[in-house]
$ cat query_16.txt   # compact mmCIF, C-alpha atoms
# COMPACT_ATOMS: atom_id res chain seq x y z
CA MET A 19 -85.18 -51.97 -0.46
CA VAL A 20 -85.99 -48.58 -1.99
CA THR A 21 -87.03 -48.96 -5.61
CA SER A 22 -84.18 -48.05 -7.90
CA ALA A 23 -84.55 -45.11 -10.24
CA GLY A 24 -83.65 -44.61 -13.87
CA THR A 25 -80.53 -45.14 -15.90
CA GLY A 26 -79.55 -41.62 -16.97
CA LEU A 27 -75.87 -41.68 -16.05
CA ASP A 28 -74.75 -42.01 -19.68
CA GLY A 29 -76.64 -38.94 -20.81
CA SER A 30 -75.89 -35.24 -20.48
CA PRO A 31 -74.25 -34.03 -17.26
CA TYR A 32 -76.90 -31.29 -17.32
CA GLN A 33 -80.31 -32.89 -16.94
CA GLN A 34 -81.93 -31.16 -13.98
CA TYR A 35 -80.95 -29.02 -11.01
CA LEU A 36 -82.30 -30.99 -8.04
CA TYR A 37 -82.48 -28.08 -5.59
CA ALA A 38 -85.54 -29.65 -3.97
CA TYR A 39 -86.92 -33.16 -3.88
CA PRO A 40 -89.52 -33.96 -4.99
CA HIS A 41 -89.71 -31.28 -7.67
CA LYS A 42 -92.73 -28.98 -7.63
CA THR A 43 -93.91 -30.35 -10.98
CA SER A 44 -94.73 -33.58 -9.12
CA TYR A 45 -97.23 -31.79 -6.86
CA ARG A 46 -100.93 -32.37 -7.46
CA PRO A 47 -104.16 -30.99 -5.97
CA LEU A 48 -104.76 -32.32 -2.45
CA ARG A 49 -108.31 -33.64 -2.14
CA PRO A 50 -109.71 -33.17 0.39
CA ARG A 51 -107.55 -30.24 1.39
CA PRO A 52 -105.83 -31.01 4.71
CA ALA A 53 -106.06 -28.38 7.43
CA LEU A 54 -102.66 -26.90 8.27
CA ALA A 55 -103.34 -27.44 11.97
CA ASP A 56 -103.54 -31.18 11.26
CA VAL A 57 -100.55 -31.15 8.90
CA TRP A 58 -98.29 -29.57 11.53
CA ARG A 59 -99.78 -31.11 14.69
CA ALA A 60 -97.18 -33.87 15.17
CA GLU A 61 -94.24 -31.99 13.61
CA PRO A 62 -91.30 -30.58 15.58
CA ARG A 63 -91.81 -26.81 15.63
CA GLY A 64 -88.93 -25.58 17.75
CA ALA A 65 -86.45 -24.71 14.96
CA LEU A 66 -88.42 -23.83 11.82
CA LEU A 67 -87.30 -22.05 8.65
CA LEU A 68 -89.55 -19.21 7.50
CA TYR A 69 -89.51 -18.65 3.74
CA VAL A 70 -91.34 -15.60 2.36
CA HIS A 71 -91.89 -15.41 -1.39
CA LEU A 72 -92.19 -12.15 -3.34
CA PRO A 73 -93.27 -12.86 -6.93
CA PHE A 74 -92.12 -9.54 -8.42
CA CYS A 75 -89.11 -8.49 -10.51
CA GLU A 76 -88.13 -5.44 -12.52
CA MET A 77 -87.67 -7.73 -15.54
CA ARG A 78 -88.01 -11.38 -16.53
CA CYS A 79 -84.57 -12.81 -17.31
CA GLY A 80 -84.32 -15.01 -20.38
CA PHE A 81 -83.25 -18.09 -18.39
CA CYS A 82 -85.79 -17.68 -15.57
CA ASN A 83 -88.48 -20.31 -14.95
CA LEU A 84 -89.36 -19.09 -11.47
CA PHE A 85 -92.81 -18.01 -10.39
CA THR A 86 -92.49 -14.25 -10.91
CA ARG A 87 -94.13 -11.26 -12.57
CA ALA A 88 -92.19 -8.36 -14.09
CA ASN A 89 -93.17 -4.72 -13.52
CA ALA A 90 -96.31 -5.38 -11.51
CA PRO A 91 -98.49 -2.32 -10.90
CA ALA A 92 -97.95 -0.65 -7.54
CA GLU A 93 -101.48 -1.43 -6.36
CA GLN A 94 -100.90 -5.16 -6.90
CA VAL A 95 -97.78 -5.06 -4.74
CA THR A 96 -99.79 -3.30 -2.03
CA ASP A 97 -102.53 -5.91 -2.31
CA TYR A 98 -99.97 -8.70 -2.13
CA LEU A 99 -98.44 -7.42 1.10
CA ARG A 100 -101.91 -7.10 2.60
CA GLN A 101 -102.79 -10.65 1.58
CA LEU A 102 -99.45 -11.92 2.84
CA ARG A 103 -100.31 -10.56 6.28
CA ARG A 104 -103.69 -12.34 6.15
CA GLN A 105 -102.00 -15.60 5.23
CA ALA A 106 -99.42 -15.15 7.97
CA GLY A 107 -102.18 -14.81 10.54
CA ARG A 108 -103.87 -18.05 9.52
CA VAL A 109 -100.61 -19.99 9.27
CA ALA A 110 -99.45 -18.74 12.67
CA ASP A 111 -102.76 -19.87 14.18
CA ALA A 112 -102.33 -23.31 12.62
CA LEU A 113 -98.78 -23.77 13.93
CA GLY A 114 -99.64 -22.68 17.45
CA ASP A 115 -97.85 -20.70 20.12
CA ASP A 116 -94.94 -23.13 20.40
CA ALA A 117 -93.65 -22.45 16.87
CA ARG A 118 -90.12 -21.02 16.87
CA TYR A 119 -88.01 -19.93 13.90
CA ALA A 120 -84.27 -20.65 13.78
CA ARG A 121 -83.68 -18.92 10.43
CA ALA A 122 -85.47 -17.10 7.64
CA ALA A 123 -85.16 -16.35 3.93
CA PHE A 124 -86.87 -13.89 1.59
CA GLY A 125 -86.84 -15.00 -2.04
CA GLY A 126 -88.73 -14.65 -5.25
CA GLY A 127 -88.82 -13.01 -7.60
CA THR A 128 -86.78 -10.20 -6.15
CA PRO A 129 -87.70 -9.13 -2.60
CA THR A 130 -85.87 -5.83 -3.06
CA TYR A 131 -88.26 -4.99 -5.89
CA LEU A 132 -90.22 -3.59 -2.95
CA THR A 133 -89.57 -0.01 -1.89
CA ALA A 134 -87.86 0.63 1.43
CA ASP A 135 -91.23 1.29 3.09
CA GLU A 136 -92.68 -1.89 1.59
CA LEU A 137 -89.69 -3.89 2.82
CA THR A 138 -90.39 -2.55 6.30
CA GLU A 139 -93.94 -3.89 5.98
CA LEU A 140 -92.55 -7.25 4.82
CA PHE A 141 -90.44 -7.48 7.96
CA ALA A 142 -93.52 -6.66 10.01
CA VAL A 143 -95.27 -9.65 8.44
CA ALA A 144 -92.34 -11.95 9.25
CA THR A 145 -92.21 -10.65 12.80
CA ALA A 146 -95.95 -11.26 13.19
CA MET A 147 -95.24 -14.89 12.29
CA GLY A 148 -92.88 -15.09 15.26
CA ALA A 149 -89.52 -14.72 13.50
CA ARG A 150 -86.99 -12.69 15.52
CA LEU A 151 -85.58 -10.16 13.04
CA PRO A 152 -82.97 -9.22 14.00
CA GLY A 153 -82.12 -12.31 15.98
CA VAL A 154 -81.91 -15.26 13.58
CA PRO A 155 -79.93 -15.77 10.35
CA LEU A 156 -81.76 -14.18 7.40
CA SER A 157 -80.93 -14.51 3.70
CA VAL A 158 -82.43 -12.07 1.16
CA GLU A 159 -82.18 -12.17 -2.63
CA THR A 160 -81.55 -8.98 -4.60
CA SER A 161 -80.60 -7.75 -8.08
CA PRO A 162 -78.25 -5.10 -9.46
CA ALA A 163 -81.11 -2.72 -10.21
CA THR A 164 -82.74 -2.99 -6.77
CA ALA A 165 -79.79 -3.24 -4.36
CA THR A 166 -80.07 0.44 -3.49
CA PRO A 167 -78.75 2.04 -0.27
CA ASP A 168 -82.22 2.83 1.13
CA ARG A 169 -83.44 -0.74 0.65
CA LEU A 170 -80.21 -2.23 2.00
CA ALA A 171 -80.48 0.01 5.06
CA VAL A 172 -83.83 -1.65 5.85
CA LEU A 173 -82.30 -5.10 5.43
CA ALA A 174 -79.37 -4.23 7.68
CA ALA A 175 -81.59 -2.66 10.36
CA HIS A 176 -83.54 -5.92 10.60
CA GLY A 177 -80.46 -8.08 11.01
CA THR A 178 -80.07 -9.53 7.52
CA THR A 179 -77.02 -11.79 7.63
CA ARG A 180 -76.74 -12.74 3.94
CA VAL A 181 -77.55 -11.00 0.67
CA SER A 182 -77.48 -12.94 -2.60
CA ILE A 183 -77.23 -10.93 -5.81
CA GLY A 184 -77.83 -12.38 -9.26
CA VAL A 185 -75.09 -10.86 -11.42
CA GLN A 186 -74.85 -13.80 -13.90
CA SER A 187 -72.09 -12.08 -15.92
CA PHE A 188 -69.96 -8.96 -15.46
CA LEU A 189 -69.79 -8.58 -19.24
CA ASP A 190 -72.67 -6.57 -20.64
CA ALA A 191 -72.81 -8.52 -23.92
CA GLU A 192 -73.01 -11.87 -22.11
CA ALA A 193 -75.69 -10.60 -19.75
CA ARG A 194 -77.75 -9.56 -22.77
CA ALA A 195 -77.15 -12.94 -24.41
CA ALA A 196 -78.61 -14.58 -21.29
CA GLY A 197 -81.69 -12.38 -21.55
CA ARG A 198 -80.63 -10.05 -18.73
CA PRO A 199 -79.81 -6.59 -20.08
CA GLN A 200 -77.71 -4.73 -17.52
CA ARG A 201 -74.63 -2.53 -17.35
CA ARG A 202 -71.40 -3.32 -15.53
CA ALA A 203 -71.50 0.06 -13.79
CA GLU A 204 -74.89 -0.78 -12.26
CA VAL A 205 -73.58 -4.12 -11.03
CA GLU A 206 -70.51 -2.57 -9.42
CA ALA A 207 -72.60 0.15 -7.77
CA ALA A 208 -74.91 -2.47 -6.29
CA LEU A 209 -72.01 -4.49 -4.92
CA ALA A 210 -70.48 -1.36 -3.40
CA ALA A 211 -73.81 -0.56 -1.74
CA ILE A 212 -74.05 -4.07 -0.27
CA ARG A 213 -70.55 -3.86 1.17
CA ALA A 214 -71.29 -0.38 2.55
CA ALA A 215 -74.37 -1.79 4.32
CA ARG A 216 -72.01 -4.15 6.21
CA ILE A 217 -74.20 -7.22 5.78
CA PRO A 218 -71.98 -10.14 6.90
CA VAL A 219 -72.31 -12.48 3.93
CA LEU A 220 -72.33 -11.48 0.27
CA ASN A 221 -73.17 -14.15 -2.30
CA ILE A 222 -72.71 -13.53 -6.02
CA ASP A 223 -74.50 -15.71 -8.59
CA LEU A 224 -72.79 -16.30 -11.95
CA ILE A 225 -73.87 -18.35 -14.99
CA TYR A 226 -71.68 -20.34 -17.36
CA GLY A 227 -72.58 -21.73 -20.78
CA ILE A 228 -73.91 -18.44 -22.20
CA ASP A 229 -73.79 -18.03 -25.97
CA GLY A 230 -70.49 -16.43 -26.93
CA GLN A 231 -68.87 -17.11 -23.57
CA SER A 232 -65.26 -18.31 -23.66
CA ALA A 233 -62.67 -19.37 -21.12
CA ASP A 234 -61.28 -15.82 -21.22
CA THR A 235 -64.61 -14.07 -20.68
CA TRP A 236 -65.55 -16.55 -17.95
CA ARG A 237 -62.27 -15.82 -16.20
CA ALA A 238 -63.04 -12.10 -16.52
CA SER A 239 -66.35 -12.56 -14.70
CA LEU A 240 -64.77 -14.75 -12.04
CA ASP A 241 -61.99 -12.20 -11.47
CA ALA A 242 -64.50 -9.35 -11.27
CA ALA A 243 -66.50 -11.25 -8.67
CA LEU A 244 -63.41 -12.22 -6.67
CA ALA A 245 -62.37 -8.57 -6.53
CA TRP A 246 -65.25 -8.07 -4.06
CA ARG A 247 -64.07 -10.98 -1.87
CA PRO A 248 -67.58 -12.41 -1.57
CA GLU A 249 -68.08 -14.85 1.27
CA GLU A 250 -69.95 -17.12 -1.16
CA LEU A 251 -70.24 -17.70 -4.89
CA TYR A 252 -72.92 -19.76 -6.61
CA LEU A 253 -72.08 -20.85 -10.15
CA TYR A 254 -74.97 -22.09 -12.30
CA PRO A 255 -74.79 -23.89 -15.64
CA LEU A 256 -77.18 -22.26 -18.09
CA TYR A 257 -80.35 -24.24 -18.72
CA VAL A 258 -82.86 -23.49 -21.47
CA ARG A 259 -86.31 -24.38 -20.18
CA PRO A 260 -89.80 -24.33 -21.68
CA LEU A 261 -91.79 -21.08 -21.51
CA THR A 262 -88.72 -18.95 -20.72
CA GLY A 263 -87.29 -16.24 -22.96
CA LEU A 264 -84.34 -18.40 -23.98
CA GLY A 265 -86.66 -21.39 -24.35
CA ARG A 266 -88.37 -19.61 -27.23
CA ARG A 267 -85.07 -19.33 -29.11
CA ALA A 268 -83.09 -21.97 -30.94
CA HIS A 269 -80.34 -23.26 -28.65
CA GLY A 270 -78.89 -26.56 -29.71
CA ARG A 271 -75.11 -26.42 -30.00
CA ALA A 272 -73.69 -29.91 -30.17
CA ASP A 273 -70.70 -28.98 -27.98
CA TRP A 274 -72.68 -27.25 -25.24
CA ASP A 275 -72.23 -30.00 -22.64
CA ALA A 276 -68.48 -30.08 -23.18
CA GLN A 277 -68.27 -26.28 -22.99
CA ARG A 278 -70.22 -26.08 -19.73
CA LEU A 279 -68.16 -28.88 -18.18
CA ALA A 280 -64.89 -27.18 -19.21
CA LEU A 281 -66.02 -23.83 -17.78
CA TYR A 282 -67.11 -25.52 -14.55
CA GLU A 283 -63.72 -27.22 -14.16
CA GLN A 284 -62.00 -23.91 -14.88
CA ALA A 285 -64.02 -22.27 -12.11
CA VAL A 286 -63.26 -25.03 -9.60
CA THR A 287 -59.54 -24.52 -10.21
CA THR A 288 -59.77 -20.70 -10.15
CA LEU A 289 -61.82 -20.51 -6.97
CA GLY A 290 -59.74 -23.14 -5.21
CA ALA A 291 -56.61 -21.12 -5.92
CA ALA A 292 -58.38 -18.02 -4.57
CA GLY A 293 -59.10 -19.70 -1.24
CA TYR A 294 -62.66 -20.93 -1.73
CA ARG A 295 -63.93 -24.27 -0.47
CA GLN A 296 -66.39 -26.17 -2.67
CA GLU A 297 -69.60 -27.09 -0.82
CA SER A 298 -71.55 -28.50 -3.77
CA MET A 299 -71.56 -28.38 -7.54
CA ARG A 300 -72.83 -24.79 -7.30
CA GLN A 301 -71.79 -23.41 -3.93
CA PHE A 302 -68.31 -22.13 -3.07
CA ARG A 303 -67.50 -20.52 0.28
CA ARG A 304 -64.44 -18.46 1.12
CA ALA A 305 -62.38 -20.61 3.46
CA ASP A 306 -61.50 -17.73 5.80
CA ALA A 307 -65.08 -16.41 6.01
CA PRO A 308 -66.69 -16.63 9.44
CA THR A 309 -68.67 -19.78 10.10
CA PRO A 310 -72.36 -19.07 9.49
CA ASP A 311 -74.29 -18.07 12.60
CA GLY A 312 -76.64 -21.01 12.69
CA PRO A 313 -77.34 -23.64 10.04
CA ASP A 314 -76.96 -22.95 6.34
CA TYR A 315 -80.12 -22.03 4.48
CA CYS A 316 -81.30 -25.16 2.66
CA CYS A 317 -84.60 -25.09 0.82
CA GLN A 318 -85.01 -28.83 1.31
CA ASP A 319 -85.00 -29.07 5.08
CA ASP A 320 -87.98 -30.38 6.99
CA GLY A 321 -89.79 -27.77 9.01
CA MET A 322 -89.98 -25.03 6.36
CA VAL A 323 -92.99 -22.72 6.54
CA GLY A 324 -93.69 -20.85 3.31
CA LEU A 325 -95.64 -17.63 2.90
CA GLY A 326 -96.68 -16.23 -0.47
CA CYS A 327 -98.25 -17.62 -3.60
CA GLY A 328 -95.04 -19.23 -4.89
CA ALA A 329 -93.68 -20.56 -1.60
CA ARG A 330 -93.42 -24.21 -0.64
CA SER A 331 -93.72 -25.65 2.85
CA TYR A 332 -92.06 -28.86 4.01
CA THR A 333 -93.07 -31.23 6.77
CA THR A 334 -91.64 -34.70 7.25
CA SER A 335 -94.27 -36.37 5.08
CA LEU A 336 -96.00 -33.57 3.13
CA HIS A 337 -94.60 -30.91 0.83
CA TYR A 338 -97.21 -28.38 -0.22
CA SER A 339 -97.73 -25.05 -1.97
CA PHE A 340 -100.16 -23.18 -4.19
CA ASP A 341 -100.41 -23.88 -7.91
CA TYR A 342 -97.29 -23.58 -10.05
CA ALA A 343 -96.80 -21.83 -13.38
CA VAL A 344 -94.04 -20.30 -15.52
CA GLY A 345 -95.82 -18.69 -18.50
CA VAL A 346 -96.70 -15.01 -18.06
CA SER A 347 -100.47 -15.36 -18.37
CA GLN A 348 -100.62 -18.39 -16.09
CA VAL A 349 -98.45 -16.75 -13.44
CA ARG A 350 -100.79 -13.78 -13.43
CA ALA A 351 -103.78 -16.10 -13.08
CA VAL A 352 -102.27 -17.85 -10.05
CA LEU A 353 -101.31 -14.50 -8.53
CA ASP A 354 -104.82 -13.12 -9.08
CA ASP A 355 -106.27 -16.21 -7.44
CA TYR A 356 -104.01 -15.73 -4.41
CA LEU A 357 -104.99 -12.07 -4.09
CA THR A 358 -108.73 -12.79 -4.10
CA ARG A 359 -108.78 -15.63 -1.58
CA ALA A 360 -110.70 -15.36 1.66
CA ALA A 361 -108.47 -15.38 4.73
CA ASP A 362 -109.86 -18.69 5.95
CA ASP A 363 -108.64 -20.31 2.73
CA PHE A 364 -105.07 -19.98 3.99
CA GLY A 365 -105.69 -22.53 6.72
CA TYR A 366 -105.42 -25.42 4.23
CA ALA A 367 -102.80 -27.04 2.00
CA GLU A 368 -103.70 -26.81 -1.69
CA PHE A 369 -101.19 -28.70 -3.87
CA GLY A 370 -98.58 -31.14 -2.70
CA PHE A 371 -96.79 -34.45 -2.60
CA THR A 372 -97.00 -36.98 0.22
CA LEU A 373 -93.69 -38.66 1.02
CA ASP A 374 -93.89 -42.24 2.27
CA GLY A 375 -90.98 -43.81 4.13
CA ALA A 376 -89.12 -44.72 0.95
CA GLU A 377 -89.40 -41.19 -0.43
CA GLN A 378 -88.24 -39.72 2.88
CA ARG A 379 -85.13 -41.89 2.78
CA ARG A 380 -84.46 -41.01 -0.84
CA ARG A 381 -84.84 -37.29 -0.16
CA TRP A 382 -82.49 -37.45 2.83
CA LEU A 383 -79.91 -39.32 0.75
CA LEU A 384 -80.14 -36.92 -2.20
CA LYS A 385 -79.84 -33.71 -0.23
CA SER A 386 -76.76 -35.18 1.51
CA LEU A 387 -75.09 -36.94 -1.42
CA LEU A 388 -75.12 -33.85 -3.64
CA ARG A 389 -73.15 -31.91 -1.03
CA ALA A 390 -69.37 -32.11 -0.97
CA GLU A 391 -69.28 -33.68 2.51
CA GLY A 392 -71.53 -36.52 1.36
CA VAL A 393 -73.83 -38.79 3.36
CA ASP A 394 -73.38 -39.20 7.10
CA ALA A 395 -73.99 -42.95 7.36
CA ALA A 396 -74.38 -42.88 11.15
CA ALA A 397 -76.98 -40.10 10.97
CA TYR A 398 -78.85 -41.98 8.25
CA ARG A 399 -78.88 -45.16 10.35
CA ALA A 400 -80.06 -43.24 13.42
CA ARG A 401 -82.96 -41.75 11.48
CA PHE A 402 -84.01 -44.69 9.34
CA GLY A 403 -82.75 -47.76 11.20
CA GLY A 404 -80.30 -49.15 8.67
CA PRO A 405 -77.29 -48.27 6.51
CA PRO A 406 -77.94 -46.26 3.33
CA GLY A 407 -76.16 -48.85 1.20
CA ASP A 408 -78.89 -51.40 2.01
CA ASP A 409 -81.60 -49.03 0.77
CA PHE A 410 -79.62 -47.79 -2.23
CA PRO A 411 -77.35 -50.56 -3.56
CA GLU A 412 -77.27 -48.77 -6.93
CA LEU A 413 -74.80 -46.29 -5.41
CA GLY A 414 -72.14 -48.86 -6.23
CA ARG A 415 -72.49 -47.86 -9.87
CA LEU A 416 -71.21 -44.40 -8.99
CA VAL A 417 -68.17 -45.97 -7.37
CA ASP A 418 -67.54 -48.10 -10.46
CA ARG A 419 -67.50 -44.94 -12.62
CA GLY A 420 -65.16 -43.11 -10.28
CA TRP A 421 -67.91 -40.66 -9.36
CA ALA A 422 -68.18 -41.65 -5.69
CA ARG A 423 -66.17 -43.17 -2.87
CA GLU A 424 -66.90 -44.59 0.58
CA GLY A 425 -69.45 -47.06 -0.73
CA GLY A 426 -71.10 -44.42 -2.89
CA LEU A 427 -71.76 -42.05 0.01
CA ARG A 428 -69.44 -39.23 -1.04
CA LEU A 429 -69.02 -37.88 -4.55
CA THR A 430 -65.59 -37.44 -6.08
CA PRO A 431 -64.80 -34.20 -7.95
CA ALA A 432 -65.94 -35.92 -11.16
CA GLY A 433 -69.16 -36.94 -9.43
CA LEU A 434 -69.85 -33.46 -8.08
CA ALA A 435 -69.46 -32.14 -11.62
CA ARG A 436 -72.27 -34.52 -12.65
CA SER A 437 -74.66 -33.72 -9.81
CA ASP A 438 -77.31 -32.67 -12.33
CA ALA A 439 -77.28 -36.18 -13.81
CA ILE A 440 -76.90 -38.11 -10.56
CA GLY A 441 -79.85 -36.36 -8.93
CA PRO A 442 -82.33 -37.21 -11.71
CA TRP A 443 -80.92 -40.75 -11.90
CA LEU A 444 -81.76 -41.27 -8.23
CA THR A 445 -85.22 -39.74 -8.51
CA SER A 446 -87.89 -42.34 -7.78
CA ALA A 447 -90.11 -43.75 -10.51
CA ALA A 448 -93.19 -42.30 -8.78
CA VAL A 449 -91.78 -38.78 -8.72
CA ARG A 450 -90.46 -39.08 -12.26
CA ASP A 451 -93.85 -40.24 -13.53
CA ALA A 452 -95.57 -37.33 -11.80
CA MET A 453 -93.09 -34.87 -13.28
CA THR A 454 -93.52 -36.37 -16.73
CA GLY A 455 -97.27 -35.98 -16.42
CA TYR A 456 -97.00 -32.29 -15.60
CA VAL A 457 -98.02 -29.96 -18.43
CA PRO A 458 -95.90 -26.77 -18.42
CA ARG A 459 -98.06 -23.70 -17.89
$ encode --input "query_16.txt" --output "structure tokens"
Amino acid sequence: MVTSAGTGLDGSPYQQYLYAYPHKTSYRPLRPRPALADVWRAEPRGALLLYVHLPFCEMRCGFCNLFTRANAPAEQVTDYLRQLRRQAGRVADALGDDARYARAAFGGGTPTYLTADELTELFAVATAMGARLPGVPLSVETSPATATPDRLAVLAAHGTTRVSIGVQSFLDAEARAAGRPQRRAEVEAALAAIRAARIPVLNIDLIYGIDGQSADTWRASLDAALAWRPEELYLYPLYVRPLTGLGRRAHGRADWDAQRLALYEQAVTTLGAAGYRQESMRQFRRADAPTPDGPDYCCQDDGMVGLGCGARSYTTSLHYSFDYAVGVSQVRAVLDDYLTRAADDFGYAEFGFTLDGAEQRRRWLLKSLLRAEGVDAAAYRARFGGPPGDDFPELGRLVDRGWAREGGLRLTPAGLARSDAIGPWLTSAAVRDAMTGYVPR
């Protein structure tokens, strides 16, 4: 039996966004460093995901705890692209000639912080890795300030199939309250440019739980987003995390959980009426949008190859990356370290977490359970040799609360709303202890 985790179901519905398992704060230095050729030797390499990380933004949003640097000097961006190409060469050598990529994603940071010419160089790096661009589904993140026609033309020319833009709020005052000063006119111009570029899938990110936000202002942002008929919407509850701009402010309203839950439920109703299908607590897809060409991008899947100083890579039993930081000075230190490394250094894994059989089962369960379709019991049995209920009898507690059905394998609407409590509750004791021992930097 897999060791049961925690008892956090009675706490806040907003404990942690489990977008990847195990969380990067559980990673530790790998000693000795394993060679990537050994790490990947026995792994399936016929349908990989290439993830390229750009750690640059035009500003640092108040809620952001990602690995990113604002307003980097031009020469550092040039150096980063050069080093990215060096890393790509070593990683490609380690994976071998039989590596094939079924999809790709550029994230950050903000990839479109790069100029159009620099984006062209970024695509050259991805192509050198063996990714067919155009040719495979590609998702790229952007921002209102950087979604310009010349940059979008480069994305379209290389077959980008999805662009995700972080709007957060269409109301200028709310955007400022979230630590993201922007103007509505800039947002609308960016969205118009994306639609003009004819990229198949537009995703708009919005945030709820911002100071001063009400049901009326939230509806205004939802309506403004829906006016563009985006193929996808991602709705994020606001979190205030250490070392972020908002984390340095007082933020302790007693009714915050209730407000976020009410705004979430309002959005579920509004988007459902507008013809959107809920895929997870955060993801909503327009029901009449074309089926994605290839599998959805999922940052948890096995077989992910990461390039860049903030990227993770996932094999069946090892998740690895470079060092992790959030604070400005520490991010710059990690970035400087990446930029000064010898090329041969990129042939090894630096920081990571080794997943034993129990952790592999737990990860598979979590990344399935927190989706609207739930756990495919037959697929679980085929992969792990037994039913998920035998490994995770604690799922019955979700059924007892009305948060899950089908033996705990599919969340109810009330359960989906509490995904950010259920995920941490199911996190293993080993991962939780490692995360607790991490000192924010």
$ atom_distance --input "query_16.txt" --atom1 "CA of Tyr257 (chain A)" --atom2 "CA of Ile225 (chain A)"
9.5 Å
$ residues_around --input "query_16.txt" --residues "Leu140 (chain A)" --least-positions-apart "5" --cutoff "12 Å" --atoms "all atoms listed in the file" --output "short mmCIF file (atom, residue, chain, number, x, y, z; two decimals) with C-alpha atoms, keeping the file's coordinate frame"
data_model
loop_
_atom_site.label_atom_id
_atom_site.label_comp_id
_atom_site.auth_asym_id
_atom_site.auth_seq_id
_atom_site.Cartn_x
_atom_site.Cartn_y
_atom_site.Cartn_z
CA TYR A 69 -89.51 -18.65 3.74
CA VAL A 70 -91.34 -15.60 2.36
CA HIS A 71 -91.89 -15.41 -1.39
CA LEU A 72 -92.19 -12.15 -3.34
CA VAL A 95 -97.78 -5.06 -4.74
CA THR A 96 -99.79 -3.30 -2.03
CA TYR A 98 -99.97 -8.70 -2.13
CA LEU A 99 -98.44 -7.42 1.10
CA ARG A 100 -101.91 -7.10 2.60
CA GLN A 101 -102.79 -10.65 1.58
CA LEU A 102 -99.45 -11.92 2.84
CA ARG A 103 -100.31 -10.56 6.28
CA ALA A 106 -99.42 -15.15 7.97
CA ALA A 123 -85.16 -16.35 3.93
CA PHE A 124 -86.87 -13.89 1.59
CA GLY A 125 -86.84 -15.00 -2.04
CA PRO A 129 -87.70 -9.13 -2.60
CA THR A 130 -85.87 -5.83 -3.06
CA TYR A 131 -88.26 -4.99 -5.89
CA LEU A 132 -90.22 -3.59 -2.95
CA THR A 133 -89.57 -0.01 -1.89
CA ALA A 134 -87.86 0.63 1.43
CA ASP A 135 -91.23 1.29 3.09
CA THR A 145 -92.21 -10.65 12.80
CA ALA A 146 -95.95 -11.26 13.19
CA MET A 147 -95.24 -14.89 12.29
CA ALA A 149 -89.52 -14.72 13.50
CA LEU A 151 -85.58 -10.16 13.04
CA VAL A 158 -82.43 -12.07 1.16
CA ARG A 169 -83.44 -0.74 0.65
CA VAL A 172 -83.83 -1.65 5.85
CA LEU A 173 -82.30 -5.10 5.43
CA HIS A 176 -83.54 -5.92 10.60
CA LEU A 325 -95.64 -17.63 2.90
CA GLY A 326 -96.68 -16.23 -0.47
#
$ closest_residue --input "query_16.txt" --among "A:Leu289, A:Val219, A:Cys75, A:Leu36" --to "Leu387 (chain A)" --atoms "all atoms listed in the file"
A:Leu36
$ atom_distance --input "query_16.txt" --atom1 "CA of Val205 (chain A)" --atom2 "CA of Ala175 (chain A)"
22.9 Å
$ residues_around --input "query_16.txt" --residues "Tyr356 (chain A)" --least-positions-apart "6" --cutoff "12 Å" --atoms "all atoms listed in the file" --output "PyMOL selection string"
chain A and resi 73+94+97-102+104-105+325-329+339-342+349-350+363-364+368
